[in-house]
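Below is one structure, written out as structure tokens, with a few remarks after it.
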Amino acid sequence: MSHSQLPFASTRRALLRQSCAGFGAMALHGLLQAAENPLAPRSARHFPRAKRAILLFMGGGPSQMDLFDPKSFIQKMHGQGINAPLPEQFRHHSTAKFLALGTEVPVRPRGESGMTISDLLPHTAAIADELCLLRAVQADNNQHGPAALQFHTGVLAEARPSIGSWVSYGLGTENQNLPAFLTIHPGIDTRNYSSSFLPAAHQGTPVTLPAKASDPAIAFLNDAATDSASQRRRFDFIQRMNQRLLEQHETDARIEGMIHSLEMAFRMQTATPDLVDLSKETEATQKLYGIGDKTTDRNGRACLLARRFSEAGVRFVQVTIDGWDHHGEIRDSLPKTCASADLPCAGLIRDLKSRGLLEDTLVVWSGEFGRTPWSQDLSGTAPIDKHGREHQPDSFCAWLAGGGVKGGLMHGETDDFGFRPVSGKVHLHDLHATILHLLGLDHLKLTWRHLGRDYRLTDVFGEVVQEILA
């Protein structure tokens, strides 16, 4: 049976008992529990390789050619014009010359697997055999907003549930004092962590690491002007009023969402202060993430916090690391972005492994798209070494680790330009299907009825990438 929309409020349990009369006692108990509590932990549909997931989103589009997939043809033709593999209508004024832009920093084979990783990512290179590198990922739009929306929700221009919300809906949370979905430094587009037409309980809870210790990591969670006893009385009064209003309407998703939101917020007041206090971590652990170093501190704290929340039972944690949009002077700016993200991301993998968590935690590293193999000269007069790269959704690189994927595997190939996949293409729909599969969810059956039809994360697309499964 697919996941499907459940009725609201007082009618839920009776309707479920009638419609699920043929179910076994265990299955019926699980459905009734989900009806009472949308974040109740639920069983996977098949054996899960991973219990939880961490998504490291590299906002802006990392250059796959400079980091993971160099091309000898482009390197040989550096600074010279090449035949554009693009139709005339897709060409841009700042890339019209189509000058090949080779990599300046070597990209070398690493580990026993020989995975190709740039010297710009030395810490990632050191864990190469833990990674599964996808070298022919494909998206459908070359603009940041639509591409990022598709990466997070599967669609380009609508408000649909994000992948974290689908995971929350499918599995619930292992810790009833915490949400199932948290997003750290999420950016301004709330659609990227929205629950859309799913119940509001499945929306991502935004977390921003405070600049000062006195600032809250989660906005509006605490009221410093009111003592805990007064808050308890006020909370009980509001919930009684909400419940009375709900009984009058019988079904109202917004009121139910408010009730669950208030309940979760009250429980989080106890659970989150200790979790966001990173000072309790050992000095060695903080150093592993680069905490205390000006270059890596912000991203290191975010990645360490992701580990702490995951370890505490949060199903899906997302960390956004911006700064990869290098249209100009990529040879100067890319090393700085790499330096800020390399150690924190690699430190997360090392830390998870040392704690025995990597085996059942899926980590995904990716941007919304990649960069072109030809240069972009925004001024029209800059020398080639001052050029950048344009957006490229046609093929780019991402890596996965832990959670049931093959470590040390390079999957997929692109053409001599590094532009189009020639084998092992993984569309974003396929990546979404694979993430859900590793978590024990069937992307074809994880559905929600909305506006008269069943919706799912992968729409009418998506295939699980069987070749990368351990």
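Quick note on naming: the chains in the structure tokens go A, B, ... in the order shown, residues restart at 1 in each chain, and ligands are numbered from 1 in order of appearance.
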Mind checking which residues fall within 9 Å of Gly462 (chain A), counting only C-alpha atoms, ignoring those fewer than 6 positions away in the same chain, and posting them as a list in words? His427, Leu428, His429, Asp430, Leu431, His432, Ala433, Thr434, His443 and Leu444 of chain A
Just-selected residues, N, CA and C atoms written as a short mmCIF file (atom, residue, chain, number, x, y, z; two decimals), in the first residue's frame:
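Below is the file part.cif, written as the result:
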data_model
loop_
_atom_site.label_atom_id
_atom_site.label_comp_id
_atom_site.auth_asym_id
_atom_site.auth_seq_id
_atom_site.Cartn_x
_atom_site.Cartn_y
_atom_site.Cartn_z
N HIS A 427 20.07 11.49 -13.55
CA HIS A 427 19.26 12.71 -13.45
C HIS A 427 18.91 12.97 -11.99
N LEU A 428 18.57 14.21 -11.67
CA LEU A 428 18.19 14.52 -10.30
C LEU A 428 17.03 13.65 -9.83
N HIS A 429 16.09 13.30 -10.71
CA HIS A 429 15.01 12.39 -10.32
C HIS A 429 15.57 11.03 -9.91
N ASP A 430 16.60 10.57 -10.60
CA ASP A 430 17.24 9.30 -10.25
C ASP A 430 17.96 9.40 -8.91
N LEU A 431 18.62 10.54 -8.68
CA LEU A 431 19.29 10.74 -7.39
C LEU A 431 18.28 10.74 -6.26
N HIS A 432 17.15 11.41 -6.44
CA HIS A 432 16.09 11.43 -5.43
C HIS A 432 15.55 10.02 -5.18
N ALA A 433 15.29 9.28 -6.25
CA ALA A 433 14.79 7.92 -6.10
C ALA A 433 15.76 7.05 -5.34
N THR A 434 17.05 7.25 -5.59
CA THR A 434 18.08 6.45 -4.93
C THR A 434 18.21 6.80 -3.45
N HIS A 443 10.13 5.30 -4.03
CA HIS A 443 9.72 6.60 -4.57
C HIS A 443 8.43 6.51 -5.38
N LEU A 444 8.08 5.32 -5.85
CA LEU A 444 6.84 5.15 -6.60
C LEU A 444 5.61 5.10 -5.70
#
Apply DSSP to the backbone of this structure and, from region 389-439 of chain A, keep only the residues in strand (DSSP E); write these as a PDB file with C-alpha atoms, in the first residue's frame.
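After the write, states-v8.pdb holds the following:
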ATOM      1  CA  ARG A 389      32.825  29.481 -15.907  1.00  0.00           C
ATOM      2  CA  GLU A 390      29.134  29.634 -16.816  1.00  0.00           C
ATOM      3  CA  HIS A 391      26.372  27.417 -15.342  1.00  0.00           C
ATOM      4  CA  GLN A 392      26.120  23.861 -16.682  1.00  0.00           C
ATOM      5  CA  PHE A 396      28.117  17.744 -13.158  1.00  0.00           C
ATOM      6  CA  CYS A 397      29.575  15.814 -10.226  1.00  0.00           C
ATOM      7  CA  ALA A 398      28.201  14.808  -6.839  1.00  0.00           C
ATOM      8  CA  TRP A 399      29.367  12.316  -4.250  1.00  0.00           C
ATOM      9  CA  LEU A 400      27.680  10.077  -1.704  1.00  0.00           C
ATOM     10  CA  ALA A 401      29.117   8.262   1.291  1.00  0.00           C
ATOM     11  CA  LEU A 409      33.413   3.961  -7.009  1.00  0.00           C
ATOM     12  CA  MET A 410      33.394   6.432  -9.902  1.00  0.00           C
ATOM     13  CA  HIS A 411      30.101   6.147 -11.784  1.00  0.00           C
ATOM     14  CA  GLU A 413      31.389   9.388 -17.925  1.00  0.00           C
ATOM     15  CA  THR A 414      31.088  12.583 -19.953  1.00  0.00           C
ATOM     16  CA  PRO A 421      26.956  12.318 -20.314  1.00  0.00           C
ATOM     17  CA  VAL A 422      28.003   9.371 -22.462  1.00  0.00           C
ATOM     18  CA  SER A 423      27.356   6.670 -19.841  1.00  0.00           C
ATOM     19  CA  VAL A 426      22.065  10.188 -13.159  1.00  0.00           C
ATOM     20  CA  HIS A 427      19.259  12.707 -13.453  1.00  0.00           C
TER      21      HIS A 427
END
Each residue of region 362-456 of chain A lying at most 9 Å from region 163-184 of chain A should get a row with its shortest atom-to-atom pair and the distance in Å to one decimal, counting only C-alpha atoms; could you produce that, ordered by chain and increasing number, as a tab-separated table?
residue	atom	partner	partner_atom	distance
A:His432	CA	A:Ile163	CA	7.5
A:Leu436	CA	A:Val167	CA	7.3
A:Leu439	CA	A:Val167	CA	8.2
A:Gly440	CA	A:Leu171	CA	8.9
A:Leu441	CA	A:Gly170	CA	7.1
A:Leu446	CA	A:Gly170	CA	6.9
A:Thr447	CA	A:Trp166	CA	8.7
A:Arg456	CA	A:Trp166	CA	8.4
Near His123 (chain A), counting only C-alpha atoms, which residues have an atom at most 12 Å away, once you skip same-chain residues fewer than 2 positions from it, shown as an NGL selection string? :A and (110-111 or 117-121 or 125-128 or 288-290 or 338-350)
Hey, can you check how far CA of Thr282 (chain A) sits from CA of Leu305 (chain A)?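 A separation of 13.6 Å between them.
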Residues at most 6 Å from region 45-57 of chain A, counting only C-alpha atoms, excluding those fewer than 4 positions away in the same chain, as a PyMOL selection string? chain A and resi 315-320+360-367+403-404+438-441
Could you take the residues named above and write them with N, CA and C atoms, as a short mmCIF file (atom, residue, chain, number, x, y, z; two decimals), in the first residue's frame?
data_model
loop_
_atom_site.label_atom_id
_atom_site.label_comp_id
_atom_site.auth_asym_id
_atom_site.auth_seq_id
_atom_site.Cartn_x
_atom_site.Cartn_y
_atom_site.Cartn_z
N ARG A 315 15.90 12.65 11.20
CA ARG A 315 16.00 11.81 10.01
C ARG A 315 16.78 12.46 8.87
N PHE A 316 16.53 13.76 8.65
CA PHE A 316 17.10 14.43 7.49
C PHE A 316 17.65 15.79 7.92
N VAL A 317 18.95 15.97 7.75
CA VAL A 317 19.59 17.24 8.08
C VAL A 317 20.25 17.77 6.82
N GLN A 318 20.01 19.02 6.56
CA GLN A 318 20.59 19.66 5.37
C GLN A 318 21.50 20.80 5.81
N VAL A 319 22.68 20.87 5.19
CA VAL A 319 23.63 21.96 5.43
C VAL A 319 23.89 22.66 4.11
N THR A 320 23.67 23.96 4.06
CA THR A 320 23.94 24.73 2.85
C THR A 320 25.27 25.45 3.00
N ASP A 360 25.13 3.55 8.63
CA ASP A 360 23.69 3.73 8.44
C ASP A 360 23.29 5.21 8.35
N THR A 361 24.23 6.06 7.94
CA THR A 361 23.95 7.46 7.64
C THR A 361 24.36 7.73 6.20
N LEU A 362 23.45 8.19 5.38
CA LEU A 362 23.75 8.54 4.00
C LEU A 362 24.12 10.02 3.93
N VAL A 363 25.30 10.32 3.38
CA VAL A 363 25.75 11.69 3.18
C VAL A 363 25.80 11.97 1.68
N VAL A 364 25.19 13.07 1.27
CA VAL A 364 25.15 13.47 -0.14
C VAL A 364 25.75 14.86 -0.27
N TRP A 365 26.72 15.01 -1.19
CA TRP A 365 27.40 16.29 -1.45
C TRP A 365 27.13 16.68 -2.90
N SER A 366 26.53 17.86 -3.13
CA SER A 366 26.22 18.26 -4.50
C SER A 366 25.82 19.72 -4.55
N GLY A 367 26.01 20.33 -5.72
CA GLY A 367 25.43 21.63 -6.02
C GLY A 367 24.18 21.45 -6.87
N GLY A 403 25.77 4.78 4.29
CA GLY A 403 24.38 4.48 4.01
C GLY A 403 24.07 3.55 2.87
N GLY A 404 24.95 2.59 2.57
CA GLY A 404 24.61 1.58 1.57
C GLY A 404 25.10 1.84 0.16
N LEU A 438 17.56 4.10 -0.45
CA LEU A 438 18.54 3.77 0.59
C LEU A 438 17.97 3.96 1.99
N LEU A 439 16.98 4.82 2.12
CA LEU A 439 16.31 5.04 3.40
C LEU A 439 15.15 4.07 3.61
N GLY A 440 14.95 3.16 2.66
CA GLY A 440 13.90 2.16 2.81
C GLY A 440 12.56 2.59 2.28
N LEU A 441 12.53 3.64 1.45
CA LEU A 441 11.29 4.17 0.90
C LEU A 441 11.24 3.94 -0.61
#
Contact residues around region 61-76 of chain A with only C-alpha atoms at 7 Å, ignoring same-chain residues under 4 positions, as a compact mmCIF listing (two decimals) with C-alpha atoms, in the first residue's frame:
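Resulting contents of part10.txt:
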# COMPACT_ATOMS: atom_id res chain seq x y z
CA ALA A 100 38.71 26.15 -23.48
CA LEU A 101 39.51 26.73 -19.80
CA GLY A 102 41.79 24.07 -18.38
CA THR A 103 42.37 23.30 -14.73
CA VAL A 107 43.32 16.62 -10.24
CA THR A 116 40.20 11.67 -9.29
CA ILE A 117 40.08 14.57 -6.82
CA SER A 118 41.74 17.98 -6.99
CA TRP A 324 30.46 28.25 -5.55
CA ASP A 325 29.11 30.65 -8.22
CA GLY A 367 25.43 21.63 -6.02
CA GLU A 368 22.38 22.49 -8.10
CA PHE A 369 24.50 22.16 -11.29
CA GLY A 370 28.12 22.41 -12.45
CA ARG A 371 30.22 24.75 -14.61
CA PRO A 373 34.43 23.59 -19.73
CA PHE A 396 28.12 17.74 -13.16
CA CYS A 397 29.58 15.81 -10.23
CA ASP A 416 35.68 14.97 -24.31
CA PHE A 417 34.31 18.42 -23.57
CA GLY A 418 33.04 17.37 -20.14
Would you please give, as a count of residues only, all residues of region 115-240 of chain A that DSSP assigns to alpha helix (DSSP H) based on the backbone? 36
Return the single residue from A:Lys280, A:Arg244, A:Lys406, A:His144 that is closest to Gly60 (chain A), with distances computed using only C-alpha atoms.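 Distance minimum relative to Gly60 (chain A) lands on A:His144.
If only C-alpha atoms are the atoms counted, then among A:Asp140, A:Asp293, A:Glu88, A:Asp351 the closest residue to Pro393 (chain A) is A:Asp140.
Within the 7 Å cut-off around Gly328 (chain A), using only C-alpha atoms and omitting residues fewer than 4 positions from it on the same chain, the listed residues are Gln376, Asp377, Leu378, Lys386, His387, Gly388 and Arg389 of chain A.
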To one decimal place, how far is CA of Leu275 (chain A) from CA of Thr208 (chain A) in Å?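 Taking CA of Leu275 (chain A) as the start and CA of Thr208 (chain A) as the end point, the length is 13.2 Å.
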What separation in Å, quoted to one decimal, exists between CA of Glu247 (chain A) and CA of Ala40 (chain A)?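 Straight-line distance from CA of Glu247 (chain A) to CA of Ala40 (chain A) works out to 22.3 Å.
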